[in-house]
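Chemist: Next up is a structure, given as structure tokens.
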Amino acid sequence: MKIKLKPLIFQYLAVAALTLTLTSCGVAPIIEPGQVVKVKDLGLSSSLRWNQFGDSRIRLWTIDGSMLNDLRIFADIKSGEHLFLAPKGRAERRGEGLLFRADMSEIEVQELFVDALKRYDAVNVSASGLRPAKLGNRAGFRFELAFESGSGLSLGNRGGLKYKAMVLAETQGSTLSFLYFDAPAEFYFDRDKAAVEQIFTTVSAP
Amino acid sequence: MRALLLILAFLSGCANTQVADVQPGHRSQNKDLDEAGLWFAMDRAEKTVAAAPERITDKVMQDYLNALSCKLAADLCGDIRIYLIRQPYLNAFMAPNGMMVIFTGTLARTENEAQLAFVMAHEIGHYRGRHSLENWRHLKNVSNLMTGIGSVTAGTGVGLVAALGAYANLASFSRDQEREADALGFQSLQAAKLDLAAPGELWSAAYEEEKVNPKGFMSGVFASHPATTERRDRLKQMALSNATEGADAGAERFRALIKPYRSSWLADELARRNYAQSDVMLARLAAIPWDLGTVKNFQGELYRKRAQPGDLARAASAYQAALREPDVSPATFRDLGTTLKRLGNNAAALDAFREYLKRAPNANDAAMIRSYLNEN
């Protein structure tokens with residue numbers, strides 16, 4: 001039986017990012033402390049060493065491995081694109097899926113994250129702390145999420161692992177860019193939270 | 001999903017072998033190897049269900065479901081275990097070992113105790129008739145069936161509960177089995193003095209939703225039960241010819257039970273983003289004079305999220321209608337404000353945001369709302 005620790009979307013993202021890395025060779029696999037990384041027009045750096053996967057608009061950074069501490073950077077998501085730039089399913093093709101729209105408010109973007117987590121098998125999803133924040137020089141917003149991994153696809157997986165997440169996002173210029181960090185609530189999230197907060201402060205965005 | 005449906009279609013094509021009804025206290029015997037294998041698999045699945053984070057374990061809810069099950073199952077009461085699973089679909093199924101799984105989407109859709117009771121009594125009917133075993137007997141020679149279902153459904157977008165449905169039902173039940181389960185369900189409802197019109201009403205409502213279900217969405221109850229107008233009409237006819245004096249729909253008891261959960265279940269429903277079905281469902285619930293503030297608020301939520309041409313205006317109307325009802329959630333003001341802002345009616349949007357903060361000054365998103373007010 002498969003053991004699934006995270007919602008399916010994150011497995012998709014991890015695999016997609018790894019595939020992109022293997023095929024494009026355009027992204028450095030290791031981010032050294034202090035190194036400035038560009039994702040479209042976002043720049044950011046860290047005082048820690050991270051592993052990196054991804055392409056021009058998506059990056060996955062992890063210290064100990066995906067599913068233990070994942071920082072995802074999405075840049076320049078356009079109106080009508082999937083929140084996680086995932087391939088469009090039937091609902092998305094009908095315009096009803098997990099699509100970002102340029103006229104969404106911050107409340108609705110947060111709601112989109114909640115619906116996305118539910119859609120991909122997370123359970124007991126809650127959002128809190130929606131507030132204004134800066135993403136580089138852009139007016140943005142932050143919020144926190146909590147959820148449990150669902151039982152998912154496998155009878156051998158009982159789910160129930162508690163996660164915490166935090167999001168820094170902005171929707172200026174009719175596109176969505178965001179940094180999303182999640183980790184198991186037990187140990188990893190609290191250990192790595194300060195390092196991620198530090199990364200949030202390094203973001204430059206014209 | 002397609003893979004699961006193919007399996008179900010394949011399984012449902014098999015003929016059945018009649019087996020004797022289950023007796024109280026029945027456990028499969030070692031000498032009866034095929035049933036023992038089935039029970040072993042179901043017992044293992046039940047452990048997963050029992051520990052699943054999707055399971056609702058609230059004692060009041062569990063006690064209610066247990067009591068209703070006992071009322072319906074009579075002599076089989078002690079053999080049946082109920083698990084309520086947070087999934088926004090109309091569905092329930094009964095495994096041959098006595099495990100009954102009910103999705104919260106069923107309770108979100110049913111209007112009263114009698115409708116819920118029929119769903120449960122119907123499933124108990126399958127259990128009493130050992131329909132899963134009948135099917136299993138014809139399938140046992142299919143190599144590694146259980147493994148096959150598991151491997152095919154893995155990675156196809158079929159959730160645990162859907163996969164369990166395939167395990168538990170082992171097939172779409174045949175029409176004869178469905179008729180037998182319906183008949184047994186009716187008898188149970190009659191014995192419990194519950195409203196016999198409920199099955200026809202519920203099936204009618206489910207059928208109306210299914211008619212607008214876009215291709216590719218999980219079908220809920222229709223994944224394992226034949227979707228026919230014949231069945232709907234038969235259920236209605238059975239109600240007419242078996243009218244019971246003093247029958248009760250149990251609406252008040254049922255409403256008190258689900259009220260604390262209703263908003264979260266309706267939010268789950270909209271998170272499916274199958275708006276055509278949700279629209280039909282909410283329109284039906286809005287015709288029932290109960291908790292209309294909640295229902296109209298979610299109609300507004302649906303239109304706001306769908307945001308097709310004309311939807312934002314519909315959303316604003318629905319929120320305003322919700323606000324005319326008693327005990328409406330403060331969040332309705334926030335959502336009305338969000339909608340009005342998108343419609344370009346900033347002054348009215350700010351009024352709605354102010355009212356939201358007045359009613360919920362410590363809301364989780366209060367800082368964001370205050371920033372909207374400070375910008376103007």
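By convention here, the chains of the structure tokens are called A, B, ... in the order presented, each chain's residues are numbered starting at 1, and ligands are numbered starting at 1 in the order presented.
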When you look at segment 119-133 of chain A with a cut-off of 7 Å (counting only C-alpha atoms), what residues show up, excluding the ones that are within fewer than 5 positions of it in the same chain? I need them as a list of chain:residue names.
Modeler: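 Neighbouring residues, sequence-local ones excluded: A:Pro7, A:Leu8, A:Ile9, A:Val114, A:Ala139, A:Gly140, A:Phe141, A:Arg142, A:Phe143, A:Glu144, A:Leu145, A:Ala146, A:Phe147, A:Glu148, A:Ser149, A:Gly150, A:Gly152, B:Pro53, B:Glu54, B:Ala271, B:Arg272, B:Asn364, B:Asp365, B:Ala367, B:Met368.
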Chemist: Please identify all polymer residues within 7 Å of segment 56-59 of chain B, counting only C-alpha atoms, omitting same-chain residues fewer than 4 positions from it, and present them as a ChimeraX atom specification.
Modeler: /B:63,84-86
Chemist: Pick out the residues sitting within 8 Å of Gly98 of chain B, and hand them over as a compact mmCIF listing (two decimals) with N, CA and C atoms, in the first residue's frame; count only C-alpha atoms, and ignore anything fewer than 6 positions along from it in its own chain.
Modeler:
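Output (selection-v5.txt):
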```
# COMPACT_ATOMS: atom_id res chain seq x y z
N ASP B 79 -25.07 -5.57 14.90
CA ASP B 79 -24.05 -5.98 13.91
C ASP B 79 -23.61 -4.85 13.00
N ILE B 80 -24.25 -3.69 13.16
CA ILE B 80 -23.98 -2.60 12.21
C ILE B 80 -23.24 -1.46 12.90
N ARG B 81 -22.20 -0.99 12.24
CA ARG B 81 -21.41 0.14 12.75
C ARG B 81 -21.43 1.25 11.72
N TYR B 127 -27.40 -5.26 3.13
CA TYR B 127 -26.67 -6.08 4.11
C TYR B 127 -27.50 -7.32 4.47
```
Chemist: Counting only C-alpha atoms, which of B:Ala74, B:Ala286, B:Met238, B:Leu340 gets nearest to chain A?
Modeler: B:Leu340
Chemist: Nearest to Glu197 of chain A among A:Gln35, A:Leu44, A:Pro184, A:Val27, with distances taken over only C-alpha atoms: which residue is it?
Modeler: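 Nearest candidate to Glu197 of chain A out of A:Gln35, A:Leu44, A:Pro184, A:Val27: A:Leu44.
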Chemist: Write out as a list in words which residues come within 7 Å of segment 45-54 of chain A when counting only C-alpha atoms, dropping same-chain ones fewer than 2 positions away.
Modeler: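 My list of contacting residues is Ala17, Leu18, Leu20, Thr21, Val27, Ala28, Pro29, Ile30, Ile31, Glu32, Pro33, Gly34, Gln35, Val36, Val37, Ile58, Arg59, Leu60, Trp61, Thr62, Ile63, Ile199 and Thr202 of chain A.
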Chemist: Write out the residues from the selection above, keeping C-alpha atoms, as a PDB file, in the first residue's frame.
Modeler:
```pdb
ATOM      1  CA  ALA A  17       9.249  20.435 -10.657  1.00  0.00           C
ATOM      2  CA  LEU A  18      11.665  17.501 -10.624  1.00  0.00           C
ATOM      3  CA  LEU A  20      11.320  20.221 -15.276  1.00  0.00           C
ATOM      4  CA  THR A  21      14.663  20.278 -13.535  1.00  0.00           C
ATOM      5  CA  VAL A  27      17.584  25.854 -12.423  1.00  0.00           C
ATOM      6  CA  ALA A  28      20.412  25.401  -9.967  1.00  0.00           C
ATOM      7  CA  PRO A  29      19.772  22.355  -7.753  1.00  0.00           C
ATOM      8  CA  ILE A  30      21.276  23.982  -4.670  1.00  0.00           C
ATOM      9  CA  ILE A  31      20.687  27.488  -3.307  1.00  0.00           C
ATOM     10  CA  GLU A  32      23.652  28.639  -1.262  1.00  0.00           C
ATOM     11  CA  PRO A  33      23.261  31.041   1.704  1.00  0.00           C
ATOM     12  CA  GLY A  34      23.053  34.614   0.477  1.00  0.00           C
ATOM     13  CA  GLN A  35      22.595  33.645  -3.167  1.00  0.00           C
ATOM     14  CA  VAL A  36      19.936  35.764  -4.859  1.00  0.00           C
ATOM     15  CA  VAL A  37      17.489  33.704  -6.907  1.00  0.00           C
ATOM     16  CA  ILE A  58       7.578  27.727 -10.235  1.00  0.00           C
ATOM     17  CA  ARG A  59      10.245  26.892  -7.691  1.00  0.00           C
ATOM     18  CA  LEU A  60      10.198  24.334  -4.931  1.00  0.00           C
ATOM     19  CA  TRP A  61      12.756  24.802  -2.189  1.00  0.00           C
ATOM     20  CA  THR A  62      13.232  22.215   0.516  1.00  0.00           C
ATOM     21  CA  ILE A  63      15.795  21.635   3.237  1.00  0.00           C
ATOM     22  CA  ILE A 199      13.251  34.816   3.223  1.00  0.00           C
ATOM     23  CA  THR A 202      14.468  39.462   1.344  1.00  0.00           C
TER      24      THR A 202
END
```
Chemist: Using only C-alpha atoms, can you tell me which of B:Gly129, B:Lys47, B:Arg314, B:Gly300 comes closest to Glu180 of chain B?
Modeler: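 Among B:Gly129, B:Lys47, B:Arg314, B:Gly300, it is B:Gly129 that comes nearest to Glu180 of chain B.
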Chemist: Could you tell me how far atom CA of Leu99 of chain A sits from atom CA of Leu83 of chain A, in Å to one decimal place?
Modeler: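 Taking atom CA of Leu83 of chain A as the start and atom CA of Leu99 of chain A as the end point, the length is 5.6 Å.
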Chemist: Quick one, how far is atom CA of Ala73 of chain B from atom CA of Ser174 of chain B?
Modeler: 22.0 Å
Chemist: Can you list every residue of segment 98-123 of chain B that has an atom at most 9 Å from segment 182-192 of chain B, with its nearest atom pair and the distance in Å to one decimal, using only C-alpha atoms, ordered by chain then number, as CSV?
Modeler:
```
residue,atom,partner,partner_atom,distance
B:Ala114,CA,B:Leu189,CA,7.4
B:Ala117,CA,B:Leu189,CA,7.1
B:Phe118,CA,B:Gly185,CA,5.9
B:Val119,CA,B:Gly185,CA,7.9
B:Met120,CA,B:Gly185,CA,7.8
B:Ala121,CA,B:Gly185,CA,4.4
B:His122,CA,B:Gly185,CA,4.5
B:Glu123,CA,B:Gly185,CA,7.8
```
Chemist: Kindly export the residues of the current selection with N, CA and C atoms, as a short mmCIF file (atom, residue, chain, number, x, y, z; two decimals), in the first residue's frame.
Modeler:
```
data_model
loop_
_atom_site.label_atom_id
_atom_site.label_comp_id
_atom_site.auth_asym_id
_atom_site.auth_seq_id
_atom_site.Cartn_x
_atom_site.Cartn_y
_atom_site.Cartn_z
N ALA B 114 -36.61 11.15 7.88
CA ALA B 114 -37.17 10.05 7.09
C ALA B 114 -36.35 9.82 5.82
N ALA B 117 -33.19 8.22 6.89
CA ALA B 117 -33.51 6.85 7.33
C ALA B 117 -33.67 5.92 6.13
N PHE B 118 -34.25 6.43 5.05
CA PHE B 118 -34.41 5.55 3.89
C PHE B 118 -33.06 5.18 3.28
N VAL B 119 -32.15 6.15 3.23
CA VAL B 119 -30.80 5.84 2.71
C VAL B 119 -30.19 4.72 3.56
N MET B 120 -30.30 4.88 4.87
CA MET B 120 -29.70 3.88 5.77
C MET B 120 -30.42 2.54 5.66
N ALA B 121 -31.76 2.61 5.63
CA ALA B 121 -32.54 1.37 5.60
C ALA B 121 -32.29 0.62 4.29
N HIS B 122 -32.12 1.36 3.22
CA HIS B 122 -31.82 0.75 1.92
C HIS B 122 -30.48 0.00 2.00
N GLU B 123 -29.50 0.64 2.60
CA GLU B 123 -28.19 -0.01 2.73
C GLU B 123 -28.27 -1.22 3.65
#
```
Chemist: Fewer than 4 positions away in the same chain doesn't count, so skip those; otherwise give me all residues within 8 Å of segment 188-191 of chain A, counting only C-alpha atoms, as a PyMOL selection string.
Modeler: chain A and resi 68-69+163-165+182-184
Chemist: Could you turn the residues from that selection into a file that holds N, CA and C atoms, as a compact mmCIF listing (two decimals), in the first residue's frame?
Modeler:
```txt
# COMPACT_ATOMS: atom_id res chain seq x y z
N LEU A 68 8.52 17.51 3.94
CA LEU A 68 8.96 17.84 5.30
C LEU A 68 9.05 19.35 5.50
N ASN A 69 9.56 20.04 4.51
CA ASN A 69 9.56 21.50 4.56
C ASN A 69 9.66 22.00 3.13
N TYR A 163 -0.63 19.71 9.35
CA TYR A 163 0.27 20.63 8.67
C TYR A 163 -0.08 22.06 9.02
N LYS A 164 0.95 22.92 8.97
CA LYS A 164 0.73 24.36 9.02
C LYS A 164 1.37 24.96 7.78
N ALA A 165 0.79 26.07 7.34
CA ALA A 165 1.33 26.73 6.15
C ALA A 165 1.22 28.23 6.31
N ASP A 182 4.86 25.21 3.62
CA ASP A 182 4.15 24.32 4.54
C ASP A 182 5.08 23.23 5.06
N ALA A 183 4.72 22.73 6.23
CA ALA A 183 5.52 21.69 6.88
C ALA A 183 4.64 21.02 7.93
N PRO A 184 4.97 19.79 8.30
CA PRO A 184 4.23 19.15 9.39
C PRO A 184 4.27 20.03 10.65
```
Chemist: So, with only C-alpha atoms as the atoms that count, which of A:Glu186, A:Asp70, A:Glu170, A:Asp55 lies closest to Glu106 of chain A?
Modeler: A:Glu170
Chemist: Could you check the closest approach to chain A for each of B:Ala249, B:Val212, B:Ala307, B:Ala95 and tell me which residue wins, using only C-alpha atoms?
Modeler: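 Of the candidates, the smallest distance to chain A is held by B:Ala307.
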Chemist: Atom CA of Lys236 of chain B and atom CA of Ala198 of chain B are how many Å apart?
Modeler: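 Going from atom CA of Lys236 of chain B over to atom CA of Ala198 of chain B, I get 8.7 Å.
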Chemist: What are the DSSP alpha helix (DSSP H) residues of chain A, as a PDB file with C-alpha atoms, in the first residue's frame?
Modeler:
```
ATOM      1  CA  LEU A   8      -2.028  15.127  -4.271  1.00  0.00           C
ATOM      2  CA  ILE A   9      -1.367  18.569  -5.685  1.00  0.00           C
ATOM      3  CA  PHE A  10       1.904  18.750  -3.829  1.00  0.00           C
ATOM      4  CA  GLN A  11       2.989  15.381  -5.132  1.00  0.00           C
ATOM      5  CA  TYR A  12       2.101  16.654  -8.571  1.00  0.00           C
ATOM      6  CA  LEU A  13       4.077  19.816  -7.999  1.00  0.00           C
ATOM      7  CA  ALA A  14       7.087  17.972  -6.663  1.00  0.00           C
ATOM      8  CA  VAL A  15       7.129  15.561  -9.585  1.00  0.00           C
ATOM      9  CA  ALA A  16       6.480  18.320 -12.107  1.00  0.00           C
ATOM     10  CA  ALA A  17       9.249  20.435 -10.657  1.00  0.00           C
ATOM     11  CA  LEU A  18      11.665  17.501 -10.624  1.00  0.00           C
ATOM     12  CA  THR A  19      10.782  16.652 -14.210  1.00  0.00           C
ATOM     13  CA  LEU A  20      11.320  20.221 -15.276  1.00  0.00           C
ATOM     14  CA  THR A  21      14.663  20.278 -13.535  1.00  0.00           C
ATOM     15  CA  LEU A  22      15.827  17.106 -15.190  1.00  0.00           C
ATOM     16  CA  THR A  23      14.736  18.229 -18.627  1.00  0.00           C
ATOM     17  CA  SER A  24      15.513  21.924 -18.650  1.00  0.00           C
ATOM     18  CA  ARG A  90     -12.626  19.615 -16.849  1.00  0.00           C
ATOM     19  CA  ALA A  91     -13.805  22.109 -14.234  1.00  0.00           C
ATOM     20  CA  GLU A  92     -11.024  24.517 -15.131  1.00  0.00           C
ATOM     21  CA  ARG A  93     -11.767  24.218 -18.831  1.00  0.00           C
ATOM     22  CA  GLU A 106      -7.379  39.098  -1.130  1.00  0.00           C
ATOM     23  CA  ILE A 107     -10.236  37.325   0.671  1.00  0.00           C
ATOM     24  CA  GLU A 108     -11.036  35.390  -2.484  1.00  0.00           C
ATOM     25  CA  VAL A 109      -7.427  34.422  -3.138  1.00  0.00           C
ATOM     26  CA  GLN A 110      -7.240  33.020   0.383  1.00  0.00           C
ATOM     27  CA  GLU A 111     -10.498  31.181  -0.275  1.00  0.00           C
ATOM     28  CA  LEU A 112      -8.989  29.761  -3.469  1.00  0.00           C
ATOM     29  CA  PHE A 113      -6.127  28.258  -1.450  1.00  0.00           C
ATOM     30  CA  VAL A 114      -8.617  26.696   0.978  1.00  0.00           C
ATOM     31  CA  ASP A 115     -10.672  25.190  -1.854  1.00  0.00           C
ATOM     32  CA  ALA A 116      -7.522  23.948  -3.570  1.00  0.00           C
ATOM     33  CA  LEU A 117      -6.354  22.133  -0.454  1.00  0.00           C
ATOM     34  CA  LYS A 118      -9.779  20.544  -0.011  1.00  0.00           C
ATOM     35  CA  ARG A 119      -9.888  19.557  -3.641  1.00  0.00           C
ATOM     36  CA  TYR A 188       9.378  20.999  11.149  1.00  0.00           C
ATOM     37  CA  PHE A 189       7.067  24.004  10.865  1.00  0.00           C
ATOM     38  CA  ASP A 190       8.193  25.605  14.098  1.00  0.00           C
ATOM     39  CA  ARG A 191      11.844  24.807  13.419  1.00  0.00           C
ATOM     40  CA  ASP A 192      11.845  26.372   9.936  1.00  0.00           C
ATOM     41  CA  LYS A 193       9.339  29.171  10.352  1.00  0.00           C
ATOM     42  CA  ALA A 194      11.927  31.817  11.265  1.00  0.00           C
ATOM     43  CA  ALA A 195      14.094  30.915   8.265  1.00  0.00           C
ATOM     44  CA  VAL A 196      11.116  31.334   5.954  1.00  0.00           C
ATOM     45  CA  GLU A 197      10.088  34.604   7.601  1.00  0.00           C
ATOM     46  CA  GLN A 198      13.634  35.789   6.889  1.00  0.00           C
ATOM     47  CA  ILE A 199      13.251  34.816   3.223  1.00  0.00           C
ATOM     48  CA  PHE A 200       9.973  36.767   3.078  1.00  0.00           C
ATOM     49  CA  THR A 201      11.901  39.885   4.119  1.00  0.00           C
ATOM     50  CA  THR A 202      14.468  39.462   1.344  1.00  0.00           C
TER      51      THR A 202
END
```
